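*Asks:* I'm passing along entry.cif; it holds mmCIF, C-alpha atoms.
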data_model
#
loop_
_atom_site.group_PDB
_atom_site.id
_atom_site.type_symbol
_atom_site.label_atom_id
_atom_site.label_comp_id
_atom_site.auth_asym_id
_atom_site.auth_seq_id
_atom_site.Cartn_x
_atom_site.Cartn_y
_atom_site.Cartn_z
ATOM 1 C CA MET H 1 -152.327 131.752 87.657
ATOM 2 C CA THR H 2 -151.667 131.074 91.367
ATOM 3 C CA VAL H 3 -151.820 133.685 94.132
ATOM 4 C CA ASN H 4 -148.026 133.645 94.494
ATOM 5 C CA GLU H 5 -147.570 134.209 90.778
ATOM 6 C CA LEU H 6 -150.067 137.062 90.914
ATOM 7 C CA ILE H 7 -148.188 138.713 93.789
ATOM 8 C CA ILE H 8 -144.862 138.341 91.987
ATOM 9 C CA ASP H 9 -146.324 139.862 88.833
ATOM 10 C CA LEU H 10 -147.736 142.780 90.861
ATOM 11 C CA ILE H 11 -144.373 143.480 92.535
ATOM 12 C CA VAL H 12 -142.493 143.284 89.232
ATOM 13 C CA CYS H 13 -145.036 145.573 87.550
ATOM 14 C CA PHE H 14 -144.744 148.096 90.385
ATOM 15 C CA LEU H 15 -140.938 148.150 90.186
ATOM 16 C CA ALA H 16 -141.028 148.248 86.397
ATOM 17 C CA GLY H 17 -143.595 151.059 86.433
ATOM 18 C CA ALA H 18 -141.620 153.048 89.002
ATOM 19 C CA GLY H 19 -138.384 152.700 87.049
ATOM 20 C CA ALA H 20 -140.080 153.394 83.731
ATOM 21 C CA GLY H 21 -141.994 156.392 85.087
ATOM 22 C CA LEU H 22 -138.877 157.945 86.580
ATOM 23 C CA GLY H 23 -136.996 157.311 83.346
ATOM 24 C CA THR H 24 -139.767 158.912 81.286
ATOM 25 C CA GLY H 25 -140.271 161.964 83.497
ATOM 26 C CA PHE H 26 -136.598 162.669 84.171
ATOM 27 C CA ALA H 27 -134.894 161.476 80.999
ATOM 28 C CA GLY H 28 -137.555 161.189 78.309
ATOM 29 C CA MET H 29 -136.714 157.500 78.244
ATOM 30 C CA SER H 30 -139.085 154.919 76.818
ATOM 31 C CA ALA H 31 -140.930 152.847 79.411
ATOM 32 C CA ALA H 32 -140.433 149.850 77.130
ATOM 33 C CA ALA H 33 -136.685 149.959 77.765
ATOM 34 C CA ILE H 34 -137.403 148.971 81.385
ATOM 35 C CA VAL H 35 -140.831 147.321 81.400
ATOM 36 C CA GLY H 36 -140.126 144.967 78.499
ATOM 37 C CA PRO H 37 -136.950 143.318 79.850
ATOM 38 C CA LEU H 38 -138.321 143.027 83.414
ATOM 39 C CA LEU H 39 -141.558 141.368 82.321
ATOM 40 C CA LEU H 40 -139.592 139.047 80.052
ATOM 41 C CA THR H 41 -137.071 138.133 82.748
ATOM 42 C CA PHE H 42 -139.219 137.886 85.889
ATOM 43 C CA CYS H 43 -142.770 137.200 84.656
ATOM 44 C CA GLY H 44 -142.067 135.015 81.663
ATOM 45 C CA VAL H 45 -143.965 137.285 79.278
ATOM 46 C CA PRO H 46 -142.787 136.706 75.669
ATOM 47 C CA ALA H 47 -140.409 139.479 74.608
ATOM 48 C CA TYR H 48 -142.558 140.792 71.790
ATOM 49 C CA GLN H 49 -145.631 141.048 74.030
ATOM 50 C CA ALA H 50 -143.566 142.444 76.927
ATOM 51 C CA ILE H 51 -142.350 145.231 74.693
ATOM 52 C CA GLY H 52 -145.933 145.862 73.586
ATOM 53 C CA ILE H 53 -146.906 146.327 77.244
ATOM 54 C CA GLY H 54 -143.977 148.691 77.720
ATOM 55 C CA LEU H 55 -145.006 150.773 74.727
ATOM 56 C CA ALA H 56 -148.609 150.866 75.931
ATOM 57 C CA SER H 57 -147.346 152.098 79.318
ATOM 58 C CA ASP H 58 -145.483 154.830 77.461
ATOM 59 C CA VAL H 59 -148.560 156.440 75.957
ATOM 60 C CA LEU H 60 -150.199 158.020 79.023
ATOM 61 C CA ALA H 61 -146.903 158.447 80.896
ATOM 62 C CA SER H 62 -145.374 160.376 77.994
ATOM 63 C CA ALA H 63 -148.527 162.417 77.471
ATOM 64 C CA VAL H 64 -148.732 163.573 81.100
ATOM 65 C CA SER H 65 -144.988 164.276 81.134
ATOM 66 C CA ALA H 66 -145.249 166.320 77.920
ATOM 67 C CA TYR H 67 -148.105 168.330 79.418
ATOM 68 C CA THR H 68 -146.011 169.057 82.512
ATOM 69 C CA TYR H 69 -142.999 170.160 80.441
ATOM 70 C CA LYS H 70 -145.247 172.333 78.247
ATOM 71 C CA LYS H 71 -146.572 174.175 81.303
ATOM 72 C CA HIS H 72 -142.967 175.106 82.119
ATOM 73 C CA GLY H 73 -142.233 176.237 78.539
ATOM 74 C CA ASN H 74 -140.084 173.195 77.762
ATOM 75 C CA LEU H 75 -141.862 171.729 74.741
ATOM 76 C CA ASP H 76 -141.028 172.636 71.131
ATOM 77 C CA VAL H 77 -143.906 171.309 69.021
ATOM 78 C CA LYS H 78 -143.274 173.365 65.868
ATOM 79 C CA ASN H 79 -139.769 172.118 65.084
ATOM 80 C CA ALA H 80 -140.682 168.558 66.078
ATOM 81 C CA LEU H 81 -143.416 168.032 63.461
ATOM 82 C CA ILE H 82 -141.130 166.742 60.683
ATOM 83 C CA LEU H 83 -139.216 164.627 63.171
ATOM 84 C CA LEU H 84 -142.505 163.215 64.466
ATOM 85 C CA ALA H 85 -143.769 162.348 60.981
ATOM 86 C CA CYS H 86 -140.592 160.423 60.142
ATOM 87 C CA VAL H 87 -140.554 158.640 63.494
ATOM 88 C CA LEU H 88 -144.179 157.505 63.137
ATOM 89 C CA THR H 89 -143.581 156.234 59.604
ATOM 90 C CA MET H 90 -140.548 154.138 60.514
ATOM 91 C CA THR H 91 -141.908 152.789 63.817
ATOM 92 C CA VAL H 92 -144.197 150.266 62.114
ATOM 93 C CA ALA H 93 -141.361 149.046 59.862
ATOM 94 C CA GLY H 94 -139.084 148.556 62.859
ATOM 95 C CA SER H 95 -141.816 146.728 64.749
ATOM 96 C CA PHE H 96 -142.265 144.229 61.923
ATOM 97 C CA VAL H 97 -138.527 143.516 61.654
ATOM 98 C CA ALA H 98 -138.346 143.056 65.441
ATOM 99 C CA SER H 99 -140.969 140.283 65.286
ATOM 100 C CA LEU H 100 -138.470 138.176 63.327
ATOM 101 C CA LEU H 101 -135.702 138.312 65.975
ATOM 102 C CA PRO H 102 -134.998 136.073 69.019
ATOM 103 C CA ASP H 103 -136.379 137.258 72.387
ATOM 104 C CA ARG H 104 -133.096 137.763 74.224
ATOM 105 C CA ALA H 105 -131.388 139.531 71.321
ATOM 106 C CA MET H 106 -134.030 142.257 71.340
ATOM 107 C CA GLY H 107 -133.748 142.917 75.071
ATOM 108 C CA ASN H 108 -129.957 143.048 75.123
ATOM 109 C CA MET H 109 -129.702 145.368 72.114
ATOM 110 C CA SER H 110 -132.020 147.834 73.805
ATOM 111 C CA GLN H 111 -130.038 147.833 77.053
ATOM 112 C CA ILE H 112 -126.639 148.230 75.373
ATOM 113 C CA GLY H 113 -127.903 151.305 73.526
ATOM 114 C CA LEU H 114 -129.295 152.673 76.777
ATOM 115 C CA LEU H 115 -125.945 152.172 78.539
ATOM 116 C CA VAL H 116 -123.958 154.017 75.867
ATOM 117 C CA ILE H 117 -126.282 157.018 75.797
ATOM 118 C CA GLY H 118 -126.467 157.128 79.611
ATOM 119 C CA ILE H 119 -122.669 157.352 79.827
ATOM 120 C CA LYS H 120 -122.762 160.218 77.327
ATOM 121 C CA PHE H 121 -125.064 162.257 79.568
ATOM 122 C CA LEU H 122 -122.882 161.568 82.617
ATOM 123 C CA VAL H 123 -119.611 162.466 80.925
ATOM 124 C CA LYS H 124 -120.904 165.629 79.233
ATOM 125 C CA PRO H 125 -123.930 166.868 81.213
ATOM 126 C CA GLY H 126 -125.896 169.684 79.631
ATOM 127 C CA ARG H 127 -123.603 169.912 76.614
ATOM 128 C CA LYS H 128 -125.174 171.522 73.555
ATOM 129 C CA VAL H 129 -123.629 170.893 70.142
ATOM 130 C CA GLY H 130 -125.377 173.624 68.211
ATOM 131 C CA LYS H 131 -128.309 176.017 68.082
ATOM 132 C CA PHE H 132 -131.062 174.463 66.028
ATOM 133 C CA GLU H 133 -133.051 177.698 65.649
ATOM 134 C CA GLU H 134 -130.065 179.524 64.111
ATOM 135 C CA GLU H 135 -129.542 176.981 61.320
ATOM 136 C CA SER H 136 -131.058 177.358 57.852
ATOM 137 C CA LYS H 137 -134.548 175.984 57.262
ATOM 138 C CA THR H 138 -133.259 173.447 54.736
ATOM 139 C CA LYS H 139 -130.608 172.163 57.125
ATOM 140 C CA ARG H 140 -133.138 171.837 59.950
ATOM 141 C CA ILE H 141 -135.480 169.838 57.712
ATOM 142 C CA VAL H 142 -132.733 167.491 56.497
ATOM 143 C CA LYS H 143 -131.431 166.871 60.028
ATOM 144 C CA SER H 144 -134.963 166.276 61.319
ATOM 145 C CA ILE H 145 -135.700 163.758 58.560
ATOM 146 C CA ILE H 146 -132.465 161.840 59.147
ATOM 147 C CA GLY H 147 -132.932 161.838 62.902
ATOM 148 C CA GLY H 148 -136.594 160.848 62.621
ATOM 149 C CA VAL H 149 -135.927 157.897 60.320
ATOM 150 C CA ILE H 150 -133.236 156.507 62.623
ATOM 151 C CA VAL H 151 -135.235 157.010 65.827
ATOM 152 C CA GLY H 152 -138.469 155.649 64.349
ATOM 153 C CA PHE H 153 -136.881 152.414 63.162
ATOM 154 C CA ILE H 154 -135.150 151.883 66.503
ATOM 155 C CA CYS H 155 -138.426 152.622 68.302
ATOM 156 C CA GLY H 156 -140.178 149.708 66.646
ATOM 157 C CA PHE H 157 -137.097 147.488 66.354
ATOM 158 C CA VAL H 158 -135.828 147.349 69.946
ATOM 159 C CA GLY H 159 -139.136 148.232 71.561
ATOM 160 C CA ALA H 160 -138.156 151.666 72.777
ATOM 161 C CA GLY H 161 -140.655 154.468 72.274
ATOM 162 C CA GLY H 162 -137.721 156.254 70.691
ATOM 163 C CA GLY H 163 -136.895 157.958 73.979
ATOM 164 C CA MET H 164 -133.245 157.117 74.498
ATOM 165 C CA MET H 165 -132.260 157.724 70.865
ATOM 166 C CA LEU H 166 -134.602 160.677 70.467
ATOM 167 C CA LEU H 167 -133.105 162.461 73.472
ATOM 168 C CA PHE H 168 -129.626 161.844 72.048
ATOM 169 C CA VAL H 169 -130.647 163.204 68.629
ATOM 170 C CA LEU H 170 -132.342 166.271 70.099
ATOM 171 C CA THR H 171 -129.385 167.239 72.300
ATOM 172 C CA SER H 172 -126.340 166.119 70.307
ATOM 173 C CA PHE H 173 -127.598 166.316 66.724
ATOM 174 C CA LEU H 174 -130.148 169.140 66.832
ATOM 175 C CA GLY H 175 -128.668 171.147 69.727
ATOM 176 C CA TYR H 176 -131.598 171.285 72.157
ATOM 177 C CA GLU H 177 -131.138 172.212 75.827
ATOM 178 C CA ILE H 178 -131.827 169.184 78.049
ATOM 179 C CA HIS H 179 -135.183 170.362 79.471
ATOM 180 C CA MET H 180 -136.524 171.253 76.010
ATOM 181 C CA ALA H 181 -135.153 167.973 74.638
ATOM 182 C CA VAL H 182 -136.877 165.857 77.294
ATOM 183 C CA GLY H 183 -140.156 167.724 76.889
ATOM 184 C CA THR H 184 -140.079 167.383 73.105
ATOM 185 C CA SER H 185 -138.974 163.753 73.394
ATOM 186 C CA VAL H 186 -141.889 162.682 75.574
ATOM 187 C CA PHE H 187 -144.320 164.573 73.327
ATOM 188 C CA ILE H 188 -143.153 162.584 70.297
ATOM 189 C CA MET H 189 -142.985 159.383 72.349
ATOM 190 C CA ALA H 190 -146.680 159.577 73.195
ATOM 191 C CA PHE H 191 -147.421 159.122 69.484
ATOM 192 C CA THR H 192 -144.651 156.648 68.629
ATOM 193 C CA ALA H 193 -145.503 154.505 71.639
ATOM 194 C CA PHE H 194 -149.154 154.359 70.605
ATOM 195 C CA ILE H 195 -148.295 153.283 67.052
ATOM 196 C CA GLY H 196 -145.586 150.880 68.226
ATOM 197 C CA GLY H 197 -147.760 149.384 70.946
ATOM 198 C CA ALA H 198 -150.705 148.907 68.594
ATOM 199 C CA SER H 199 -148.412 147.261 66.037
ATOM 200 C CA HIS H 200 -146.954 144.896 68.628
ATOM 201 C CA ILE H 201 -150.399 143.902 69.924
ATOM 202 C CA TYR H 202 -151.757 143.421 66.386
ATOM 203 C CA ILE H 203 -148.787 141.304 65.298
ATOM 204 C CA GLY H 204 -148.016 139.501 68.558
ATOM 205 C CA GLY H 205 -151.521 139.162 70.024
ATOM 206 C CA VAL H 206 -153.170 140.524 73.174
ATOM 207 C CA PRO H 207 -150.630 140.553 76.071
ATOM 208 C CA ASN H 208 -151.137 139.697 79.757
ATOM 209 C CA VAL H 209 -153.998 142.042 80.714
ATOM 210 C CA PHE H 210 -153.091 142.155 84.423
ATOM 211 C CA CYS H 211 -149.496 143.158 83.711
ATOM 212 C CA LEU H 212 -150.661 145.640 81.078
ATOM 213 C CA VAL H 213 -153.039 147.494 83.417
ATOM 214 C CA CYS H 214 -150.611 147.512 86.357
ATOM 215 C CA CYS H 215 -147.682 148.769 84.284
ATOM 216 C CA VAL H 216 -149.753 151.525 82.665
ATOM 217 C CA VAL H 217 -151.015 152.813 86.031
ATOM 218 C CA PHE H 218 -147.699 152.636 87.905
ATOM 219 C CA THR H 219 -145.722 154.182 85.038
ATOM 220 C CA LEU H 220 -148.208 157.051 84.741
ATOM 221 C CA ILE H 221 -148.027 157.896 88.463
ATOM 222 C CA TRP H 222 -144.221 157.909 88.648
ATOM 223 C CA ALA H 223 -143.808 159.770 85.346
ATOM 224 C CA ARG H 224 -145.968 162.618 86.634
ATOM 225 C CA ILE H 225 -143.941 162.860 89.855
ATOM 226 C CA ALA H 226 -140.623 162.813 87.991
ATOM 227 C CA ALA H 227 -141.686 165.411 85.406
ATOM 228 C CA VAL H 228 -142.698 167.905 88.102
ATOM 229 C CA ILE H 229 -139.336 167.540 89.869
ATOM 230 C CA ALA H 230 -137.318 167.567 86.629
ATOM 231 C CA ASN H 231 -138.679 170.921 85.479
ATOM 232 C CA LYS H 232 -137.351 172.517 88.665
ATOM 233 C CA ALA H 233 -133.848 171.025 88.348
ATOM 234 C CA PRO H 234 -130.829 172.820 86.768
ATOM 235 C CA GLU H 235 -129.730 171.660 83.311
ATOM 236 C CA LYS H 236 -126.601 169.797 84.382
ATOM 237 C CA THR H 237 -128.404 168.160 87.290
ATOM 238 C CA LEU H 238 -131.178 166.889 85.027
ATOM 239 C CA SER H 239 -128.637 165.623 82.509
ATOM 240 C CA ARG H 240 -126.773 163.698 85.224
ATOM 241 C CA ILE H 241 -130.028 162.256 86.607
ATOM 242 C CA ALA H 242 -130.923 161.099 83.101
ATOM 243 C CA GLY H 243 -127.506 159.489 82.702
ATOM 244 C CA VAL H 244 -127.666 157.708 86.053
ATOM 245 C CA ILE H 245 -131.145 156.305 85.350
ATOM 246 C CA MET H 246 -130.067 154.996 81.944
ATOM 247 C CA VAL H 247 -126.790 153.451 83.143
ATOM 248 C CA VAL H 248 -128.233 151.809 86.270
ATOM 249 C CA THR H 249 -131.199 150.397 84.361
ATOM 250 C CA SER H 250 -129.095 148.936 81.560
ATOM 251 C CA VAL H 251 -126.450 147.439 83.883
ATOM 252 C CA VAL H 252 -129.018 145.776 86.158
ATOM 253 C CA VAL H 253 -131.026 144.242 83.326
ATOM 254 C CA LEU H 254 -127.959 143.146 81.336
ATOM 255 C CA GLY H 255 -126.395 141.667 84.473
ATOM 256 C CA PHE H 256 -129.447 139.617 85.310
ATOM 257 C CA ASN H 257 -129.810 138.433 81.703
ATOM 258 C CA PHE H 258 -126.193 137.275 81.801
ATOM 259 C CA MET H 259 -126.666 135.338 85.055
ATOM 260 C CA ILE H 260 -129.740 133.398 83.913
ATOM 261 C CA LYS H 261 -128.207 132.231 80.638
#
Would you mind writing the file out in structure tokens?
*Replies:*
Amino acid sequence: MTVNELIIDLIVCFLAGAGAGLGTGFAGMSAAAIVGPLLLTFCGVPAYQAIGIGLASDVLASAVSAYTYKKHGNLDVKNALILLACVLTMTVAGSFVASLLPDRAMGNMSQIGLLVIGIKFLVKPGRKVGKFEEESKTKRIVKSIIGGVIVGFICGFVGAGGGMMLLFVLTSFLGYEIHMAVGTSVFIMAFTAFIGGASHIYIGGVPNVFCLVCCVVFTLIWARIAAVIANKAPEKTLSRIAGVIMVVTSVVVLGFNFMIK
């Protein structure tokens, strides 16, 4: 690797880590949704390995974000246990299926999903569909299982730590307030990202170590900053920030992918 290539990789990793960290801390979004496509597009890292790096970056970033949200009372561990179990189970299955798909197809599918969910948060900021705690125990369990299976498969399949779909499920399907949803989302993501990242590395091989270390460090720093700010923001403001981050990220990455075809 030449010096110029090293500098380019460092710049891309910094931008990817900053975007991923902000997305994780503000929106509970998977770092892989940003890191993966950028490393694939600008650094030439194979898609499967790029997603593995993104998931690895998710682990510490999600953990520190979850800790920050917990300190502010915005983490619901108890009602997330069934959801977490289902997500973890299906993540490995999704990861295996993803290894059979073309590089570009994986990246584009992830960004289209991100765009749709981002628009939802912009159009209806802070909207709560129901009150999860007031539903019957049986109904809560069934909804958690269904949501967990869907999110877990998508986590491994498109390389997202489940963040974008998990946040959607928690707010629109289970009725969580946005702060509680983000906090719970990043808590679950810390586990799903670890399983997904390990699966990707085991199946796809050890990724670019330089990019891996840089992305992990930069994502962690920016996620911590974003989580602190997010917990002080009003519900609708946080929802709009989440929507903006998702929409801008998906449009930029999809646009660049379209131009280089």
*Asks:* Just to confirm, what's the straight-line distance from atom CA of Val182 of chain H to atom CA of Gln49 of chain H in Å (one decimal)?
*Replies:*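 It comes out at 26.5 Å.
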*Asks:* Nearest to Val149 of chain H among H:Cys211, H:Ala190, H:Ile119, H:Leu83, with distances taken over all atoms listed in the file: which residue is it?
*Replies:* H:Leu83
*Asks:* Given the choices H:Ile221, H:Val77, H:Leu238, H:Ile150, which gets closest to Ala93 of chain H if the distance is worked out from only C-alpha atoms?
*Replies:*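 Between H:Ile221, H:Val77, H:Leu238, H:Ile150, the residue approaching Ala93 of chain H most closely is H:Ile150.
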*Asks:* Can you list, as a list in words, the residues that the PyMOL selection byres ((chain H and resi 16) around 10) selects here?
*Replies:*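 Selected by the PyMOL selection byres ((chain H and resi 16) around 10) in this file: Leu10, Ile11, Val12, Cys13, Phe14, Leu15, Gly17, Ala18, Gly19, Ala20, Gly21, Leu22, Ala31, Ala32, Ala33, Ile34, Val35, Gly36, Pro37, Leu38, Leu39, Gly54, Cys214, Cys215, Phe218 and Thr219 of chain H.
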*Asks:* Might you pull out every residue within 12 Å of segment 226-234 of chain H, with only C-alpha atoms counted and same-chain residues fewer than 6 positions away left off, and present them as a PyMOL selection string?
*Replies:* chain H and resi 18-29+61-75+125-126+177-183+186+219-220+240-242+245
*Asks:* Please indicate the distance in Å from atom CA of Met246 of chain H to atom CA of Ile117 of chain H, rounded to one decimal place.
*Replies:*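 Pair atom CA of Met246 of chain H / atom CA of Ile117 of chain H returns 7.5 Å.
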*Asks:* List, as a PyMOL selection string, every residue that the PyMOL selection byres ((chain H and resi 195) around 10) selects in the file provided.
*Replies:* chain H and resi 55-56+59+88-89+91-92+95+155-156+161+189-194+196-200
*Asks:* Under the rule that only C-alpha atoms are counted, which of H:Ser57, H:Leu170, H:Asp76, H:Pro46 is the nearest residue to Trp222 of chain H?
*Replies:*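 So, comparing all the options, the nearest one is H:Ser57.
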*Asks:* Looking at only C-alpha atoms, which of H:Tyr202, H:Val244, H:Thr237, H:Ser250 is the one that sits closest to Phe96 of chain H?
*Replies:*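 Checking each candidate against Phe96 of chain H, we get H:Tyr202 as the closest.
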*Asks:* What does the distance from atom CA of Thr249 of chain H to atom CA of Leu84 of chain H come to in Å, to one decimal?
*Replies:*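 Interatomic distance, atom CA of Thr249 of chain H to atom CA of Leu84 of chain H: 26.2 Å.
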*Asks:* What would the list of residues within 6 Å of (-147.0, 141.8, 79.9) (file frame) look like as a PyMOL selection string, if all atoms listed in the file are what count?
*Replies:* chain H and resi 39+45+50+53+207-208+211-212
*Asks:* Padding 3 Å on every side, please: axis-aligned box over the listed atoms of segment 167-186 of chain H, centre and edge lengths to one decimal in Å, as AutoDock Vina command-line options.
*Replies:*
--center_x -134.1 --center_y 167.0 --center_z 73.1 --size_x 21.5 --size_y 16.4 --size_z 18.7
*Asks:* Go through H:Ile203, H:Cys86, H:Ile225, H:Val116 one by one, measure the shortest atom-to-atom distance of each to Phe153 of chain H using all atoms listed in the file, and give the residue with the smallest value.
*Replies:*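 Under the stated criterion, the closest residue is H:Cys86.
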*Asks:* For Asp9 of chain H, which of H:Gly204, H:Gly52, H:Gly152, H:Gly44 is the closest residue, counting all atoms listed in the file?
*Replies:*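 Of H:Gly204, H:Gly52, H:Gly152, H:Gly44, the one nearest Asp9 of chain H is H:Gly44, counting all atoms listed in the file.
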*Asks:* Apply the PyMOL selection byres ((chain H and resi 141) around 12) to the structure shown and report the selected residues as a list of chain:residue names.
*Replies:*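 For this structure, the PyMOL selection byres ((chain H and resi 141) around 12) resolves to H:Lys78, H:Asn79, H:Ala80, H:Leu81, H:Ile82, H:Leu83, H:Leu84, H:Ala85, H:Cys86, H:Phe132, H:Glu133, H:Glu135, H:Ser136, H:Lys137, H:Thr138, H:Lys139, H:Arg140, H:Val142, H:Lys143, H:Ser144, H:Ile145, H:Ile146, H:Gly147, H:Gly148, H:Leu174.
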